[in-house]
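Undergrad: Below you'll find upload_39.txt; it's compact mmCIF, C-alpha atoms.
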# COMPACT_ATOMS: atom_id res chain seq x y z
CA MET A 1 51.14 103.92 69.93
CA THR A 2 52.53 105.54 66.79
CA ALA A 3 49.15 105.52 65.09
CA VAL A 4 47.53 107.44 67.95
CA ASN A 5 50.39 109.93 68.02
CA ASP A 6 50.12 110.46 64.27
CA LEU A 7 46.40 111.06 64.56
CA ARG A 8 46.88 113.40 67.46
CA ASN A 9 49.38 115.45 65.48
CA ASP A 10 46.95 115.49 62.57
CA VAL A 11 44.22 117.18 64.62
CA GLY A 12 44.67 120.65 63.23
CA ASP A 13 42.63 123.66 62.21
CA ASP A 14 40.93 121.71 59.42
CA VAL A 15 39.56 119.25 61.96
CA VAL A 16 39.23 121.09 65.25
CA GLN A 17 36.18 123.25 64.87
CA ASP A 18 33.92 124.68 67.53
CA GLU A 19 30.66 123.21 66.30
CA GLU A 20 28.64 121.28 68.87
CA ARG A 21 27.65 117.65 68.43
CA LEU A 22 25.23 115.86 70.72
CA VAL A 23 26.39 112.26 71.08
CA LEU A 24 24.48 109.56 72.89
CA GLY A 25 26.21 106.63 74.58
CA THR A 26 24.78 103.49 76.18
CA MET A 27 26.17 100.73 78.35
CA THR A 28 24.85 97.52 79.89
CA GLY A 29 27.17 95.77 82.28
CA THR A 30 27.67 92.22 83.43
CA SER A 31 25.21 92.72 86.28
CA ILE A 32 22.50 92.71 83.58
CA ASP A 33 20.19 94.95 85.58
CA GLY A 34 19.54 97.77 83.17
CA LEU A 35 20.56 100.18 80.44
CA ASP A 36 22.62 103.28 81.25
CA ALA A 37 22.37 106.19 78.83
CA ALA A 38 24.38 109.41 78.68
CA LEU A 39 24.11 112.38 76.36
CA ILE A 40 27.24 114.47 75.90
CA SER A 41 28.06 117.72 74.19
CA VAL A 42 31.20 117.58 72.02
CA HIS A 43 32.88 120.77 70.84
CA GLY A 44 35.64 120.33 68.29
CA ARG A 45 36.94 117.07 66.88
CA GLY A 46 39.43 114.35 67.59
CA LEU A 47 41.62 114.26 70.68
CA ALA A 48 41.38 118.05 71.03
CA ALA A 49 37.60 117.93 71.51
CA ARG A 50 35.98 119.27 74.68
CA VAL A 51 33.32 117.10 76.26
CA ALA A 52 30.55 117.86 78.75
CA LEU A 53 27.76 115.73 80.20
CA VAL A 54 24.29 116.95 79.23
CA ALA A 55 22.07 114.29 80.82
CA HIS A 56 22.10 110.69 81.99
CA GLU A 57 19.48 108.14 82.97
CA ALA A 58 19.22 104.46 83.91
CA PHE A 59 16.49 102.16 82.61
CA SER A 60 15.74 98.90 84.41
CA PHE A 61 15.31 95.77 82.34
CA PRO A 62 11.95 94.01 82.46
CA ALA A 63 12.40 90.60 84.07
CA PRO A 64 11.89 88.52 80.89
CA LEU A 65 14.56 90.50 79.02
CA ALA A 66 17.02 90.36 81.93
CA ASN A 67 16.48 86.63 82.32
CA ALA A 68 17.06 85.98 78.63
CA LEU A 69 20.24 88.10 78.55
CA ARG A 70 21.56 86.37 81.67
CA ALA A 71 20.86 82.94 80.17
CA ALA A 72 22.83 83.94 77.05
CA ALA A 73 25.73 85.24 79.14
CA GLU A 74 25.76 82.05 81.23
CA GLN A 75 26.08 79.98 78.04
CA ILE A 76 22.72 78.27 78.45
CA PRO A 77 21.88 76.70 75.06
CA MET A 78 19.35 78.64 72.98
CA THR A 79 17.93 78.14 69.51
CA SER A 80 18.92 80.49 66.72
CA GLY A 81 15.35 81.76 66.74
CA ALA A 82 15.59 82.56 70.44
CA PHE A 83 18.86 84.45 69.90
CA ALA A 84 17.39 86.38 66.96
CA THR A 85 14.34 87.30 69.02
CA LEU A 86 16.48 88.36 71.99
CA GLN A 87 18.68 90.53 69.80
CA ARG A 88 15.65 92.26 68.29
CA ASP A 89 13.89 92.68 71.66
CA PHE A 90 17.05 94.20 73.10
CA GLY A 91 17.29 96.65 70.20
CA VAL A 92 13.63 97.62 70.56
CA PHE A 93 14.15 98.18 74.30
CA HIS A 94 17.08 100.50 73.50
CA ALA A 95 15.00 102.37 70.94
CA GLU A 96 12.02 102.91 73.24
CA CYS A 97 14.14 104.04 76.19
CA LEU A 98 16.41 106.31 74.19
CA GLN A 99 13.56 107.98 72.35
CA ARG A 100 12.12 109.02 75.73
CA PHE A 101 15.54 109.96 77.04
CA VAL A 102 16.52 112.40 74.29
CA ALA A 103 13.14 114.15 74.61
CA GLY A 104 13.07 115.72 71.15
CA ARG A 105 16.73 116.79 71.06
CA THR A 106 18.56 116.42 67.76
CA VAL A 107 21.17 113.74 68.34
CA HIS A 108 24.06 113.59 65.88
CA LEU A 109 25.35 110.13 66.78
CA ALA A 110 24.47 107.25 69.07
CA ALA A 111 27.22 104.87 70.24
CA LEU A 112 25.81 101.62 71.63
CA HIS A 113 27.88 99.08 73.53
CA GLY A 114 25.41 96.18 73.57
CA GLN A 115 25.37 93.31 76.06
CA THR A 116 28.52 91.22 76.32
CA VAL A 117 27.22 87.66 76.27
CA TYR A 118 30.57 86.08 75.40
CA HIS A 119 34.12 87.36 75.65
CA ALA A 120 37.12 85.08 75.10
CA PRO A 121 39.48 86.86 72.68
CA PRO A 122 39.71 86.72 69.75
CA VAL A 123 35.97 85.97 69.99
CA SER A 124 33.65 88.51 71.57
CA TRP A 125 29.93 89.21 71.17
CA GLN A 126 28.22 92.42 72.25
CA LEU A 127 24.65 91.39 71.43
CA LEU A 128 22.40 94.10 70.00
CA GLN A 129 20.29 94.87 66.95
CA ALA A 130 20.90 98.56 66.32
CA ALA A 131 18.47 99.20 63.44
CA PRO A 132 15.50 99.96 65.75
CA VAL A 133 17.54 102.76 67.34
CA VAL A 134 18.31 104.30 63.94
CA ALA A 135 14.60 104.17 63.09
CA ALA A 136 13.62 105.77 66.41
CA LEU A 137 16.24 108.51 66.64
CA ARG A 138 16.91 109.15 62.93
CA CYS A 139 20.63 109.53 63.59
CA ALA A 140 23.76 107.58 62.75
CA VAL A 141 24.52 104.68 65.09
CA VAL A 142 27.84 102.97 65.77
CA CYS A 143 28.04 99.67 67.65
CA ASP A 144 30.24 96.55 67.90
CA LEU A 145 33.11 98.75 69.06
CA ARG A 146 35.52 95.96 70.02
CA GLN A 147 35.82 94.09 66.74
CA ALA A 148 38.39 96.26 64.97
CA ASP A 149 40.70 95.92 67.97
CA LEU A 150 40.25 92.13 68.00
CA ALA A 151 40.94 91.98 64.26
CA ALA A 152 44.19 93.88 64.87
CA GLY A 153 45.34 91.25 67.36
CA GLY A 154 44.12 93.03 70.47
CA GLN A 155 42.12 91.70 73.39
CA GLY A 156 39.15 93.99 72.70
CA ALA A 157 39.31 95.30 76.28
CA PRO A 158 39.66 97.47 78.15
CA ILE A 159 38.48 100.02 75.63
CA THR A 160 37.84 102.95 78.00
CA PRO A 161 41.43 104.20 78.70
CA LEU A 162 41.40 106.73 75.85
CA ALA A 163 38.07 108.12 77.06
CA ASP A 164 39.46 108.20 80.62
CA TRP A 165 42.33 110.32 79.29
CA MET A 166 39.88 112.67 77.57
CA LEU A 167 37.84 113.13 80.76
CA PHE A 168 40.07 112.67 83.80
CA ARG A 169 43.74 113.49 83.14
CA ALA A 170 45.05 115.92 85.74
CA GLU A 171 48.19 117.45 87.24
CA ARG A 172 48.59 114.48 89.59
CA ASP A 173 48.75 110.74 89.01
CA ARG A 174 45.31 109.20 88.77
CA ALA A 175 44.04 105.66 88.49
CA ILE A 176 40.47 105.21 87.30
CA VAL A 177 39.42 101.90 88.82
CA ASN A 178 36.20 100.46 87.46
CA LEU A 179 34.59 98.03 89.92
CA GLY A 180 32.27 96.21 87.55
CA GLY A 181 31.76 92.52 86.98
CA PHE A 182 35.48 92.52 86.27
CA CYS A 183 37.74 95.25 87.59
CA ASN A 184 39.74 97.23 85.07
CA ALA A 185 42.04 100.15 85.72
CA THR A 186 43.35 103.08 83.71
CA VAL A 187 46.52 104.76 84.98
CA LEU A 188 46.96 108.40 84.00
CA PRO A 189 50.36 109.80 85.03
CA ALA A 190 50.40 113.48 85.93
CA ALA A 191 49.81 115.74 82.92
CA CYS A 192 50.26 112.75 80.63
CA ALA A 193 50.15 112.49 76.86
CA VAL A 194 48.10 109.75 75.18
CA THR A 195 51.25 107.67 74.80
CA ASP A 196 51.69 107.58 78.60
CA VAL A 197 48.28 106.05 79.35
CA ARG A 198 48.24 102.51 80.74
CA GLY A 199 45.26 100.25 81.21
CA CYS A 200 44.48 96.65 82.03
CA ASP A 201 41.89 94.24 83.35
CA VAL A 202 42.72 93.29 86.93
CA CYS A 203 40.49 90.50 88.23
CA ALA A 204 36.94 89.34 88.78
CA CYS A 205 35.10 91.78 91.05
CA ASN A 206 31.31 92.03 91.22
CA GLN A 207 31.08 88.68 89.46
CA VAL A 208 32.33 87.16 92.74
CA LEU A 209 30.67 89.55 95.17
CA ASP A 210 27.26 89.34 93.49
CA ALA A 211 27.52 85.55 93.26
CA VAL A 212 27.99 85.51 97.05
CA ALA A 213 24.97 87.80 97.44
CA ARG A 214 22.73 85.72 95.17
CA THR A 215 23.87 82.40 96.61
CA VAL A 216 24.00 82.92 100.38
CA LEU A 217 22.49 86.36 101.04
CA HIS A 218 19.55 85.75 98.69
CA CYS A 219 19.64 89.25 97.23
CA PRO A 220 21.12 90.75 94.04
CA PHE A 221 24.03 92.43 95.86
CA ASP A 222 25.29 93.24 99.34
CA ALA A 223 23.72 96.69 99.72
CA ASN A 224 26.16 99.15 101.32
CA GLY A 225 28.40 96.19 102.20
CA LYS A 226 26.36 95.47 105.33
CA SER A 227 26.95 91.73 105.26
CA ALA A 228 30.68 92.09 104.60
CA ARG A 229 30.89 94.62 107.44
CA ARG A 230 29.26 92.19 109.87
CA GLY A 231 31.36 89.23 108.79
CA THR A 232 34.81 88.03 109.82
CA VAL A 233 37.41 87.28 107.17
CA ASN A 234 38.25 83.59 106.96
CA GLY A 235 41.98 83.74 106.27
CA ALA A 236 42.24 80.39 104.55
CA ILE A 237 39.49 80.84 102.00
CA ALA A 238 40.39 84.50 101.42
CA ALA A 239 43.93 83.38 100.55
CA GLU A 240 42.48 80.78 98.19
CA LEU A 241 40.49 83.44 96.33
CA ARG A 242 43.45 85.83 96.29
CA ALA A 243 45.50 83.16 94.53
CA ILE A 244 42.81 82.80 91.84
CA LEU A 245 42.56 86.55 91.35
CA GLU A 246 46.33 87.06 91.39
CA THR A 247 46.62 84.59 88.52
CA GLN A 248 44.15 86.75 86.58
CA ARG A 249 45.96 89.98 87.47
CA SER A 250 49.42 88.76 86.58
CA ALA A 251 48.26 87.46 83.18
CA ARG A 252 47.46 91.04 82.10
CA ARG A 253 44.88 89.88 79.62
CA SER A 254 41.27 90.70 78.92
CA LEU A 255 38.94 88.86 81.29
CA GLY A 256 35.57 87.45 80.36
CA THR A 257 33.67 84.21 79.98
CA GLY A 258 35.15 81.56 82.26
CA ASP A 259 36.93 84.06 84.55
CA GLU A 260 34.02 84.73 86.92
CA ALA A 261 35.63 82.76 89.81
CA ILE A 262 32.20 81.71 91.05
CA ALA A 263 33.43 78.14 91.60
CA TRP A 264 35.08 79.55 94.74
CA VAL A 265 31.63 80.58 95.99
CA ALA A 266 30.17 77.17 95.27
CA ALA A 267 33.03 75.47 97.10
CA HIS A 268 32.45 77.34 100.37
CA ARG A 269 28.78 78.32 100.44
CA ALA A 270 27.75 75.35 102.58
CA THR A 271 30.57 75.47 105.13
CA VAL A 272 31.15 79.19 105.76
CA ALA A 273 28.66 81.58 107.35
CA ALA A 274 27.07 83.97 104.85
CA ASP A 275 28.51 87.16 106.36
CA ASP A 276 31.96 85.59 106.67
CA LEU A 277 31.87 84.47 103.04
CA ALA A 278 30.97 88.02 102.00
CA ALA A 279 33.75 89.51 104.15
CA SER A 280 36.31 87.03 102.82
CA ALA A 281 35.38 87.75 99.20
CA VAL A 282 35.66 91.51 99.68
CA SER A 283 38.99 91.14 101.45
CA ALA A 284 40.48 89.11 98.61
CA VAL A 285 39.07 91.22 95.78
CA GLY A 286 39.94 94.57 97.36
CA THR A 287 43.46 93.50 98.28
CA ILE A 288 44.34 92.28 94.79
CA ILE A 289 42.96 95.48 93.21
CA GLY A 290 44.76 97.78 95.67
CA VAL A 291 48.09 96.01 95.21
CA ALA A 292 47.64 96.00 91.42
CA VAL A 293 47.22 99.78 91.33
CA ARG A 294 50.15 100.35 93.68
CA GLN A 295 52.38 98.28 91.40
CA GLU A 296 51.55 100.48 88.40
CA GLY A 297 54.07 103.07 89.57
CA MET A 298 51.68 105.59 91.09
CA THR A 299 53.38 108.34 93.09
CA THR A 300 52.46 108.67 96.76
CA ASP A 301 50.48 111.86 96.11
CA GLY A 302 48.43 110.15 93.40
CA GLU A 303 44.83 109.13 93.84
CA ILE A 304 42.40 106.38 92.92
CA LEU A 305 39.00 107.31 91.54
CA LEU A 306 36.51 104.49 92.00
CA ALA A 307 33.84 103.87 89.37
CA GLY A 308 31.30 101.15 88.63
CA GLY A 309 28.71 99.52 90.84
CA GLY A 310 31.29 98.26 93.34
CA ALA A 311 32.28 101.84 94.18
CA ARG A 312 29.12 101.95 96.32
CA HIS A 313 30.49 99.13 98.49
CA PRO A 314 32.24 100.97 101.34
CA VAL A 315 34.08 97.90 102.68
CA LEU A 316 35.51 97.20 99.23
CA ALA A 317 36.57 100.84 98.86
CA GLU A 318 38.25 100.78 102.27
CA THR A 319 40.09 97.56 101.44
CA ILE A 320 41.39 98.99 98.15
CA ALA A 321 42.57 102.15 99.91
CA ALA A 322 44.39 100.17 102.61
CA ALA A 323 46.07 97.81 100.13
CA SER A 324 47.15 100.60 97.78
CA GLY A 325 48.18 103.17 100.38
CA LEU A 326 46.70 105.85 98.12
CA ARG A 327 44.00 108.42 98.56
CA THR A 328 40.82 106.76 97.30
CA ARG A 329 37.56 108.54 96.48
CA LEU A 330 34.48 108.20 94.32
CA LEU A 331 34.52 109.34 90.71
CA ASN A 332 31.67 111.75 91.54
CA GLU A 333 34.21 113.98 93.22
CA ALA A 334 35.98 114.43 89.88
CA GLY A 335 32.80 115.82 88.32
CA VAL A 336 31.29 112.77 86.60
CA PRO A 337 28.46 110.85 88.29
CA LEU A 338 29.28 107.19 88.93
CA GLU A 339 26.15 106.12 87.13
CA ALA A 340 27.03 108.10 84.00
CA ARG A 341 30.69 107.26 83.50
CA GLU A 342 30.59 104.15 81.30
CA ALA A 343 27.78 105.34 79.02
CA MET A 344 29.45 108.75 78.78
CA GLU A 345 32.74 107.14 77.80
CA ILE A 346 31.05 105.02 75.12
CA ALA A 347 29.69 108.31 73.71
CA VAL A 348 33.22 109.78 73.77
CA LEU A 349 34.58 106.72 71.95
CA GLY A 350 31.79 107.00 69.38
CA ALA A 351 32.71 110.63 68.68
CA LEU A 352 36.40 109.72 68.35
CA ALA A 353 35.57 106.84 66.01
CA ALA A 354 33.54 109.25 63.86
CA ASP A 355 36.61 111.47 63.65
CA GLY A 356 38.84 108.60 62.51
CA ILE A 357 40.71 108.17 65.79
CA PRO A 358 41.45 104.54 66.78
CA ILE A 359 39.54 104.19 70.05
CA SER A 360 41.66 101.50 71.73
CA LEU A 361 45.25 101.82 72.92
CA ALA A 362 47.93 99.24 72.22
CA ALA A 363 49.22 99.68 75.77
CA ALA A 364 45.84 98.54 77.09
CA THR A 365 44.63 95.91 74.62
CA GLY A 366 47.82 94.80 72.88
CA ARG A 367 46.46 95.51 69.42
CA GLY A 368 48.59 96.13 66.37
CA GLN A 369 48.02 98.76 63.71
CA PRO A 370 44.26 98.82 62.98
CA ALA A 371 43.26 97.86 59.46
CA ALA A 372 39.60 98.80 59.87
CA ALA A 373 37.73 101.82 61.18
CA ASP A 374 36.23 101.18 64.59
CA GLY A 375 32.63 100.06 64.89
CA VAL A 376 29.78 98.93 62.72
CA TRP A 377 27.95 101.97 61.33
CA ILE A 378 24.26 102.28 60.45
CA TYR A 379 22.77 105.43 58.96
CA PRO A 380 19.22 106.66 58.45
CA ALA A 381 18.12 106.52 54.83
CA GLY A 382 19.42 109.46 52.84
CA VAL A 383 21.72 110.97 55.46
CA ALA A 384 24.85 108.81 55.27
CA ASP A 385 26.92 111.76 54.06
CA THR A 386 26.06 113.96 57.04
CA LEU A 387 28.59 112.23 59.29
CA ARG A 388 32.16 112.51 58.05
CA VAL A 389 34.08 109.37 58.95
CA ARG A 390 37.84 109.67 58.43
CA THR A 391 39.80 106.42 58.14
CA GLN A 392 43.56 106.62 58.52
CA CYS A 393 46.21 103.89 58.71
Can you give me the file's structure in the form of structure tokens?

TA:
Amino acid sequence: MTAVNDLRNDVGDDVVQDEERLVLGTMTGTSIDGLDAALISVHGRGLAARVALVAHEAFSFPAPLANALRAAAEQIPMTSGAFATLQRDFGVFHAECLQRFVAGRTVHLAALHGQTVYHAPPVSWQLLQAAPVVAALRCAVVCDLRQADLAAGGQGAPITPLADWMLFRAERDRAIVNLGGFCNATVLPAACAVTDVRGCDVCACNQVLDAVARTVLHCPFDANGKSARRGTVNGAIAAELRAILETQRSARRSLGTGDEAIAWVAAHRATVAADDLAASAVSAVGTIIGVAVRQEGMTTDGEILLAGGGARHPVLAETIAAASGLRTRLLNEAGVPLEAREAMEIAVLGALAADGIPISLAAATGRGQPAAADGVWIYPAGVADTLRVRTQC
């Protein structure tokens, strides 16, 4: 944490200015259903910057692109030509969507997450060809944001805790709980400094719940948790899944390829009623997440802010609240739309990387002192000097 502290102390009058930068961020999650984009306004630089959401939008993937990305993420063998084509097509899709999204605004920087098709530290691949976005937007682009952390011995995830601190720190304890394919949590003690932030991956979340939906409900997800609400928890199989997820939680490592826990679904799909399987999965997932947050030392007047697609699952939210014993509400109530949070935070991390701030925290990823600036940078021809990138060790 020393490096972050040093950088924070270095943010002085020569760096903190009141000029405005428009920074674009994008995110595609493990659900592989679409591209989320957020445009933020950044005043000042470094950890003292002030950030506001300007606009956000979601773009659905065409079926052929979604199918190809899912095949890559599921480790289905592909030729090098097929991978090269997919990477280009994905970049072109970004470029076309983002050009419409910015609607003629002058964007200073675009930070692109890419699609995670493999994650097993120290190896991780966020697939994307960024050059089409540079050509379309004529701005600097940063991508491949996890690699510097991995090179420094970190897990490459979670990378959002620093952005959570920028956006959501408050006068009470807060846990930002992202209910994505895998659940991750950022704990922000009341009025905390950067050095007090904690973050970790918890367990498989929507990977399990959506596998139940696809397998036995024959739909992409359990809309509004209706099936789980109708079902009855099967104690034996719920305990079996809790044991799997508890092993993930207690390891306190980055979760990814091979951690989806969908073998549990396959083992019970034929013998347990669909609604009961959904209810049992939600019970196990929500309980492990709620207990995990409670064990992070949250005070009784603290709160959980739920983010990610799973936040729209009311039964899951209720289970987390009951297991944690904490006030639990949607992130929207803290001023950031659920749908915008991850893309907005990628934009925040892009702006910090441009200012020379290491974007991952040792307390969250386990990284050592970074030896490389974060991200792979691509600039439009002739304008590389317009973005000042500060590298500090």

Undergrad: Please identify all polymer residues within 9 Å of Val92 in chain A, counting only C-alpha atoms, omitting same-chain residues fewer than 4 positions from it, and present them as a PyMOL selection string.

TA: chain A and resi 87-88+96-97+129-133

Undergrad: Show me, as a Markdown table, the residues of range 59-153 of chain A having an atom within 12 Å of range 364-386 of chain A, each with the closest atom pair and its distance in Å, using all atoms listed in the file.

TA:
| residue | atom | partner | partner_atom | distance |
| --- | --- | --- | --- | --- |
| A:His108 | CA | A:Thr386 | CA | 9.1 |
| A:Leu109 | CA | A:Tyr379 | CA | 9.5 |
| A:Ala110 | CA | A:Ile378 | CA | 10.0 |
| A:Ala111 | CA | A:Gly375 | CA | 9.0 |
| A:Leu112 | CA | A:Gly375 | CA | 9.7 |
| A:His113 | CA | A:Gly375 | CA | 9.9 |
| A:Gly114 | CA | A:Gly375 | CA | 11.9 |
| A:Pro121 | CA | A:Thr365 | CA | 10.6 |
| A:Pro122 | CA | A:Arg367 | CA | 11.1 |
| A:Gln126 | CA | A:Gly375 | CA | 11.5 |
| A:Leu128 | CA | A:Val376 | CA | 11.4 |
| A:Gln129 | CA | A:Ile378 | CA | 10.6 |
| A:Ala130 | CA | A:Ile378 | CA | 7.7 |
| A:Ala131 | CA | A:Ile378 | CA | 7.2 |
| A:Pro132 | CA | A:Ile378 | CA | 10.5 |
| A:Val133 | CA | A:Ile378 | CA | 9.6 |
| A:Val134 | CA | A:Pro380 | CA | 6.0 |
| A:Ala135 | CA | A:Pro380 | CA | 7.0 |
| A:Ala136 | CA | A:Pro380 | CA | 9.8 |
| A:Leu137 | CA | A:Pro380 | CA | 8.9 |
| A:Arg138 | CA | A:Pro380 | CA | 5.6 |
| A:Cys139 | CA | A:Pro380 | CA | 6.1 |
| A:Ala140 | CA | A:Tyr379 | CA | 4.5 |
| A:Val141 | CA | A:Ile378 | CA | 5.2 |
| A:Val142 | CA | A:Trp377 | CA | 4.6 |
| A:Cys143 | CA | A:Val376 | CA | 5.3 |
| A:Asp144 | CA | A:Gly375 | CA | 5.2 |
| A:Leu145 | CA | A:Gly375 | CA | 4.4 |
| A:Arg146 | CA | A:Gly375 | CA | 7.2 |
| A:Gln147 | CA | A:Gly375 | CA | 7.0 |
| A:Ala148 | CA | A:Asp374 | CA | 5.4 |
| A:Asp149 | CA | A:Arg367 | CA | 6.0 |
| A:Leu150 | CA | A:Arg367 | CA | 7.2 |
| A:Ala151 | CA | A:Pro370 | CA | 7.7 |
| A:Ala152 | CA | A:Gly368 | CA | 5.2 |
| A:Gly153 | CA | A:Arg367 | CA | 4.9 |

Undergrad: Looking at only C-alpha atoms, which of A:Thr271, A:Thr287, A:Ile262, A:Ala175 is the one that sits closest to Arg214 in chain A?

TA: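 Nearest candidate to Arg214 in chain A out of A:Thr271, A:Thr287, A:Ile262, A:Ala175: A:Ile262.
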
Undergrad: So, counting all atoms listed in the file, which residue among A:Ala273, A:Val216, A:Ala204, A:Ala170 is closest to Ala190 in chain A?

TA: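 Distance minimum relative to Ala190 in chain A lands on A:Ala170.
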
Undergrad: Using all atoms listed in the file, which protein or nucleic acid residues come within 12 Å of Ser60 in chain A? Drop anything in the same chain fewer than 2 positions from it, and give the result as an MDAnalysis selection string.

TA: chainID A and resid 28 31:37 57:58 62:66 93:94 97

Undergrad: Give me, as an MDAnalysis selection string, all polymer residues having an atom no more than 10 Å from range 197-202 of chain A, counting all atoms listed in the file and skipping those fewer than 5 positions away in the same chain.

TA: chainID A and resid 157:162 164:165 169 175:179 182:189 192 245:256 285 288:289 292:293 296 361:366

Undergrad: When distances are computed from all atoms listed in the file, which of A:Ala95, A:Ala351, A:Leu86, A:Leu39 shows the smallest separation from Ala68 in chain A?

TA: A:Leu86

Undergrad: Could you state the separation of CA of Arg242 in chain A and CA of Glu303 in chain A in Å, given to one decimal place?

TA: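 So the two atoms, CA of Arg242 in chain A and CA of Glu303 in chain A, lie 23.5 Å apart.
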
Undergrad: For a test of reading the model, state the distance in Å between CA of Lys226 in chain A and CA of Ala71 in chain A, rounded to one decimal.

TA: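 Calculated distance between CA of Lys226 in chain A and CA of Ala71 in chain A is 28.6 Å.
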
Undergrad: Which distance in Å separates CA of Ala120 in chain A and CA of Gly154 in chain A, to one decimal?

TA: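 These two atoms are separated by 11.6 Å.
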
Undergrad: Quick one: residues within 9 Å of Asp210 in chain A, all atoms listed in the file, excluding same-chain residues fewer than 2 positions away - as a list in words?

TA: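 So, after excluding close chain neighbours, the residues are Ser31, Gly181, Cys205, Asn206, Gln207, Val208, Val212, Ala213, Arg214, Thr215, Cys219, Pro220, Phe221 and Asp222 of chain A.
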
Undergrad: Using all atoms listed in the file, which residue out of A:Met78, A:Gln99, A:Val348, A:Gly310 lies closest to Val42 in chain A?

TA: A:Val348

Undergrad: Which one of A:Ala82, A:Ala211, A:Arg329, A:Glu318 sits closest to Glu260 in chain A if you count only C-alpha atoms?

TA: A:Ala211

Undergrad: Tell me which of A:Ala347, A:Ala267, A:Met298, A:Leu306 sits closest to Val107 in chain A, counting all atoms listed in the file.

TA: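 For Val107 in chain A, the nearest of the candidates is A:Ala347.
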
Undergrad: Show me, as a PDB file with C-alpha atoms, in the coordinates of the input, the residues that have an atom within 7 Å of Ala323 in chain A when counting only C-alpha atoms, minus same-chain residues fewer than 4 positions from it.

TA:
ATOM      1  CA  THR A 287      43.460  93.500  98.280  1.00  0.00           C
ATOM      2  CA  GLY A 290      44.760  97.780  95.670  1.00  0.00           C
ATOM      3  CA  VAL A 291      48.090  96.010  95.210  1.00  0.00           C
ATOM      4  CA  THR A 319      40.090  97.560 101.440  1.00  0.00           C
TER       5      THR A 319
END
